[in-house]
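**Q** Supplied in structure tokens, the structure appears directly below.
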Amino acid sequence: MLLALLAAAALLAWRYARGRPQDLPWTPLDLGEPVGLFTGRKLAALGDSPARCAALLDRAGVRYVAVPPRRPAEARCGYDAAVRLEAGGARRIALAPDRVALACPVAAALALWEWDVVAPAAQRHFGARVVRIEHLGSYSCRRMYGRSSGGWSEHATANALDVAGFRLADGTRVSVLRDWDGAAAKAAFLREVRDGACRVFATVLSPDYNAAHRDHLHLDQAARGATGWRACR
């Protein structure tokens, strides 16, 4: 009886994998697939394989350039395999400022977030296209909250991006600082893209978390071992 149940479960998993492989933990990540149940954990795991991450960007048509390694005197800071995303190709949304170094897993998650969350949310709420994501930066050699002691920020390795707002094709700007509790459509859009980011980033912190995040969405790919727990606030 047990063997029959296991066989049936295996058959169901095989059939499911053919239709929704992104919902299974053992299938390979494909940036061309919609976001699935295990997409976020697979993206975070790319931190252990820069070459595989770059290959996934290539396969998905994401334009980028490799950024030279940065290793300051402080051993806990810097990066070896960061990239700079470029608009065009499969990505229609630019970053502003555009010359920002990102750890590859952050760049991969950002591309999926743009395609599967940001773009459709903008169409639903505004009937317009997002042309630019405005941010406050990625790399910063510092500890969390700029303290003199304690844990190091994911920004210290370019493994995070702080998103401040969005610019639409018609010139409309949606600001985290100004619109989180502002007009209904803009506030709803910001919460939808925050919630959607939680599916592809390991950590998402918003104004709902604390005052330090009142003007941005903090997105990172913190490695959290086998548990793979995620923070979405």
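Each chain of the structure tokens is named A, B, ... in the order shown, its residues numbered from 1; ligands are numbered from 1 in display order.
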Residues within 9 Å of A:Leu56, please, as a list in words. Count only C-alpha atoms; anything in the same chain fewer than 6 positions from it doesn't count.
**A**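 My list of contacting residues is Leu29, Asp30, Leu31, Val62 and Ala108 of chain A.
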**Q** Find the spatial neighbours of stretch 110-122 of chain A, counting only C-alpha atoms, within a cut-off of 6 Å - ignore same-chain residues fewer than 4 positions away - and output them as a PyMOL selection string.
**A** chain A and resi 106+126+128+193+196
**Q** Once you have the residues from the selection above, write them out as a PDB file, in the first residue's frame, restricted to N, CA, C and O atoms.
**A**
ATOM      1  N   VAL A 106      20.851  39.196  -6.872  1.00  0.00           N
ATOM      2  CA  VAL A 106      19.962  40.357  -6.763  1.00  0.00           C
ATOM      3  C   VAL A 106      19.531  40.802  -8.150  1.00  0.00           C
ATOM      4  O   VAL A 106      18.358  41.122  -8.387  1.00  0.00           O
ATOM      5  N   PHE A 126      -2.501  51.695 -13.126  1.00  0.00           N
ATOM      6  CA  PHE A 126      -2.360  52.964 -13.838  1.00  0.00           C
ATOM      7  C   PHE A 126      -2.598  52.858 -15.337  1.00  0.00           C
ATOM      8  O   PHE A 126      -2.689  53.888 -16.011  1.00  0.00           O
ATOM      9  N   ALA A 128      -0.423  51.983 -17.384  1.00  0.00           N
ATOM     10  CA  ALA A 128       0.793  52.569 -17.938  1.00  0.00           C
ATOM     11  C   ALA A 128       1.977  51.651 -17.679  1.00  0.00           C
ATOM     12  O   ALA A 128       1.928  50.760 -16.832  1.00  0.00           O
ATOM     13  N   VAL A 193       3.789  45.613  -5.217  1.00  0.00           N
ATOM     14  CA  VAL A 193       5.145  45.293  -5.646  1.00  0.00           C
ATOM     15  C   VAL A 193       6.001  44.862  -4.457  1.00  0.00           C
ATOM     16  O   VAL A 193       6.932  44.059  -4.619  1.00  0.00           O
ATOM     17  N   GLY A 196       4.981  41.227  -3.919  1.00  0.00           N
ATOM     18  CA  GLY A 196       5.527  40.413  -4.994  1.00  0.00           C
ATOM     19  C   GLY A 196       7.033  40.223  -4.864  1.00  0.00           C
ATOM     20  O   GLY A 196       7.572  39.169  -5.220  1.00  0.00           O
TER      21      GLY A 196
END
**Q** Would you mind telling me which residue in A:Pro25, A:Pro72, A:Pro97, A:Gly151 lies nearest to A:Val163 when using only C-alpha atoms?
**A**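 Closest residue, counting only C-alpha atoms: A:Pro97.
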**Q** Give the strand (DSSP E or B) residues of stretch 42-220 of chain A, as DSSP finds them on the backbone, and put them as an MDAnalysis selection string.
**A** chainID A and resid 62:66 70 79 82:89 91 94:96 102:103 130:137 143 152 160:168 173:175 203:205 217:220
**Q** Those residues with N, CA and C atoms, as a CSV table (one decimal), in the first residue's frame please?
**A**
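Result written to again.csv:
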chain,number,residue,atom,x,y,z
A,62,VAL,N,18.9,38.9,-20.6
A,62,VAL,CA,19.1,40.1,-19.7
A,62,VAL,C,20.4,40.7,-20.1
A,63,ARG,N,20.5,41.9,-20.4
A,63,ARG,CA,21.7,42.6,-20.8
A,63,ARG,C,22.4,43.1,-19.5
A,64,TYR,N,23.7,42.8,-19.4
A,64,TYR,CA,24.5,43.2,-18.2
A,64,TYR,C,26.0,43.2,-18.6
A,65,VAL,N,26.7,43.9,-17.8
A,65,VAL,CA,28.2,43.8,-17.9
A,65,VAL,C,28.8,43.4,-16.5
A,66,ALA,N,29.8,42.6,-16.6
A,66,ALA,CA,30.5,42.2,-15.4
A,66,ALA,C,31.2,43.4,-14.8
A,70,ARG,N,35.8,44.1,-6.2
A,70,ARG,CA,36.1,45.2,-5.3
A,70,ARG,C,36.4,44.6,-4.0
A,79,TYR,N,33.1,42.7,-3.2
A,79,TYR,CA,32.4,41.7,-4.1
A,79,TYR,C,33.4,41.2,-5.1
A,82,ALA,N,30.0,40.8,-9.2
A,82,ALA,CA,28.9,41.7,-9.3
A,82,ALA,C,28.6,42.0,-10.8
A,83,VAL,N,27.4,42.5,-11.1
A,83,VAL,CA,27.1,42.9,-12.5
A,83,VAL,C,26.4,44.2,-12.5
A,84,ARG,N,26.4,44.9,-13.6
A,84,ARG,CA,25.6,46.1,-13.8
A,84,ARG,C,24.6,45.8,-14.9
A,85,LEU,N,23.3,45.9,-14.5
A,85,LEU,CA,22.2,45.7,-15.5
A,85,LEU,C,22.1,46.8,-16.5
A,86,GLU,N,21.8,46.5,-17.7
A,86,GLU,CA,21.6,47.5,-18.7
A,86,GLU,C,20.2,47.4,-19.3
A,87,ALA,N,19.5,48.5,-19.6
A,87,ALA,CA,18.2,48.4,-20.2
A,87,ALA,C,18.3,47.9,-21.6
A,88,GLY,N,17.2,47.3,-22.1
A,88,GLY,CA,17.2,46.8,-23.4
A,88,GLY,C,17.1,45.3,-23.3
A,89,GLY,N,17.1,44.6,-24.4
A,89,GLY,CA,16.9,43.2,-24.4
A,89,GLY,C,15.6,42.8,-23.8
A,91,ARG,N,14.8,43.3,-20.8
A,91,ARG,CA,14.4,44.3,-19.8
A,91,ARG,C,14.0,45.6,-20.4
A,94,ALA,N,14.6,50.7,-16.9
A,94,ALA,CA,15.9,51.1,-16.6
A,94,ALA,C,16.0,51.4,-15.1
A,95,LEU,N,17.3,51.3,-14.6
A,95,LEU,CA,17.6,51.7,-13.2
A,95,LEU,C,18.1,53.1,-13.2
A,96,ALA,N,17.8,53.9,-12.2
A,96,ALA,CA,18.3,55.2,-12.0
A,96,ALA,C,18.7,55.5,-10.6
A,102,LEU,N,25.6,45.2,-8.7
A,102,LEU,CA,24.7,44.3,-7.9
A,102,LEU,C,25.2,42.9,-7.9
A,103,ALA,N,25.1,42.2,-6.8
A,103,ALA,CA,25.4,40.8,-6.7
A,103,ALA,C,24.5,40.1,-7.7
A,130,VAL,N,6.0,51.0,-16.6
A,130,VAL,CA,7.1,51.5,-15.8
A,130,VAL,C,8.3,51.6,-16.7
A,131,VAL,N,8.9,52.8,-16.7
A,131,VAL,CA,10.1,52.9,-17.5
A,131,VAL,C,11.4,53.0,-16.7
A,132,ARG,N,11.2,53.3,-15.4
A,132,ARG,CA,12.4,53.5,-14.6
A,132,ARG,C,12.1,53.1,-13.1
A,133,ILE,N,13.1,52.4,-12.5
A,133,ILE,CA,13.1,52.1,-11.1
A,133,ILE,C,14.1,53.0,-10.5
A,134,GLU,N,13.7,53.9,-9.6
A,134,GLU,CA,14.7,54.8,-8.9
A,134,GLU,C,15.1,54.1,-7.6
A,135,HIS,N,16.4,54.2,-7.3
A,135,HIS,CA,17.0,53.5,-6.1
A,135,HIS,C,17.9,54.4,-5.4
A,136,LEU,N,18.3,54.0,-4.2
A,136,LEU,CA,19.2,54.7,-3.3
A,136,LEU,C,20.5,54.1,-3.2
A,137,GLY,N,20.8,53.0,-4.0
A,137,GLY,CA,22.1,52.4,-4.0
A,137,GLY,C,22.1,50.9,-3.6
A,143,ARG,N,27.9,48.2,8.5
A,143,ARG,CA,27.1,47.3,9.3
A,143,ARG,C,25.6,47.7,9.2
A,152,TRP,N,26.8,42.6,9.7
A,152,TRP,CA,27.1,43.4,8.5
A,152,TRP,C,25.9,43.4,7.6
A,160,ALA,N,22.2,43.7,-2.1
A,160,ALA,CA,21.0,44.4,-1.7
A,160,ALA,C,20.8,45.6,-2.6
A,161,LEU,N,19.5,46.0,-2.8
A,161,LEU,CA,19.2,47.3,-3.5
A,161,LEU,C,18.0,47.9,-2.7
A,162,ASP,N,18.2,49.3,-2.6
A,162,ASP,CA,17.1,50.0,-1.9
A,162,ASP,C,16.3,50.8,-3.0
A,163,VAL,N,15.1,50.4,-3.2
A,163,VAL,CA,14.2,51.0,-4.2
A,163,VAL,C,13.4,52.2,-3.6
A,164,ALA,N,13.5,53.3,-4.2
A,164,ALA,CA,12.9,54.5,-3.7
A,164,ALA,C,11.6,54.9,-4.4
A,165,GLY,N,11.5,54.5,-5.7
A,165,GLY,CA,10.3,54.9,-6.4
A,165,GLY,C,10.3,54.4,-7.9
A,166,PHE,N,9.3,54.7,-8.6
A,166,PHE,CA,9.1,54.3,-10.0
A,166,PHE,C,8.6,55.4,-10.8
A,167,ARG,N,9.1,55.4,-12.1
A,167,ARG,CA,8.6,56.4,-13.0
A,167,ARG,C,7.9,55.8,-14.2
A,168,LEU,N,6.7,56.3,-14.5
A,168,LEU,CA,5.8,55.7,-15.5
A,168,LEU,C,6.1,56.4,-16.9
A,173,ARG,N,5.3,59.8,-11.3
A,173,ARG,CA,6.3,59.2,-10.3
A,173,ARG,C,5.6,58.6,-9.1
A,174,VAL,N,5.9,57.5,-8.7
A,174,VAL,CA,5.4,56.8,-7.5
A,174,VAL,C,6.5,56.7,-6.5
A,175,SER,N,6.4,57.4,-5.4
A,175,SER,CA,7.5,57.5,-4.4
A,175,SER,C,7.1,56.7,-3.2
A,203,THR,N,15.0,38.9,1.6
A,203,THR,CA,14.5,39.9,2.5
A,203,THR,C,13.9,41.1,1.8
A,204,VAL,N,12.7,41.5,2.3
A,204,VAL,CA,12.1,42.7,1.8
A,204,VAL,C,11.6,43.5,3.0
A,205,LEU,N,12.1,44.7,3.1
A,205,LEU,CA,11.7,45.6,4.2
A,205,LEU,C,11.2,46.9,3.7
A,217,LEU,N,12.2,50.5,-0.3
A,217,LEU,CA,12.0,49.1,-0.2
A,217,LEU,C,13.4,48.5,-0.2
A,218,HIS,N,13.8,47.9,0.9
A,218,HIS,CA,15.1,47.2,0.9
A,218,HIS,C,14.9,45.8,0.4
A,219,LEU,N,15.6,45.4,-0.6
A,219,LEU,CA,15.6,44.1,-1.3
A,219,LEU,C,16.9,43.4,-1.2
A,220,ASP,N,17.0,42.2,-0.6
A,220,ASP,CA,18.3,41.5,-0.6
A,220,ASP,C,18.2,40.0,-0.8
**Q** Nearest to A:Arg178 among A:Arg214, A:His155, A:Arg199, A:Arg194, with distances taken over only C-alpha atoms: which residue is it?
**A**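 Distance minimum relative to A:Arg178 lands on A:Arg214.
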**Q** As a list in words, list the residues of stretch 70-123 of chain A assigned to alpha helix (DSSP H) by DSSP on the backbone atoms of this structure.
**A** Cys104, Pro105, Val106, Ala107, Ala108, Ala109, Leu110, Ala111, Leu112, Trp113, Ala119, Pro120, Ala121, Ala122 and Gln123 of chain A
**Q** Rank A:Arg142, A:Ala109, A:Ala81, A:Gln22 by their smallest atom-to-atom distance to A:Val200, using only C-alpha atoms, and report the top residue only.
**A**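 Closest to A:Val200 of all the choices is A:Ala109.
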**Q** With only C-alpha atoms as the atoms that count, which of A:His216, A:Ala231, A:Pro50, A:Arg124 lies nearest to A:Glu192?
**A**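 For A:Glu192, the nearest of the candidates is A:Arg124.
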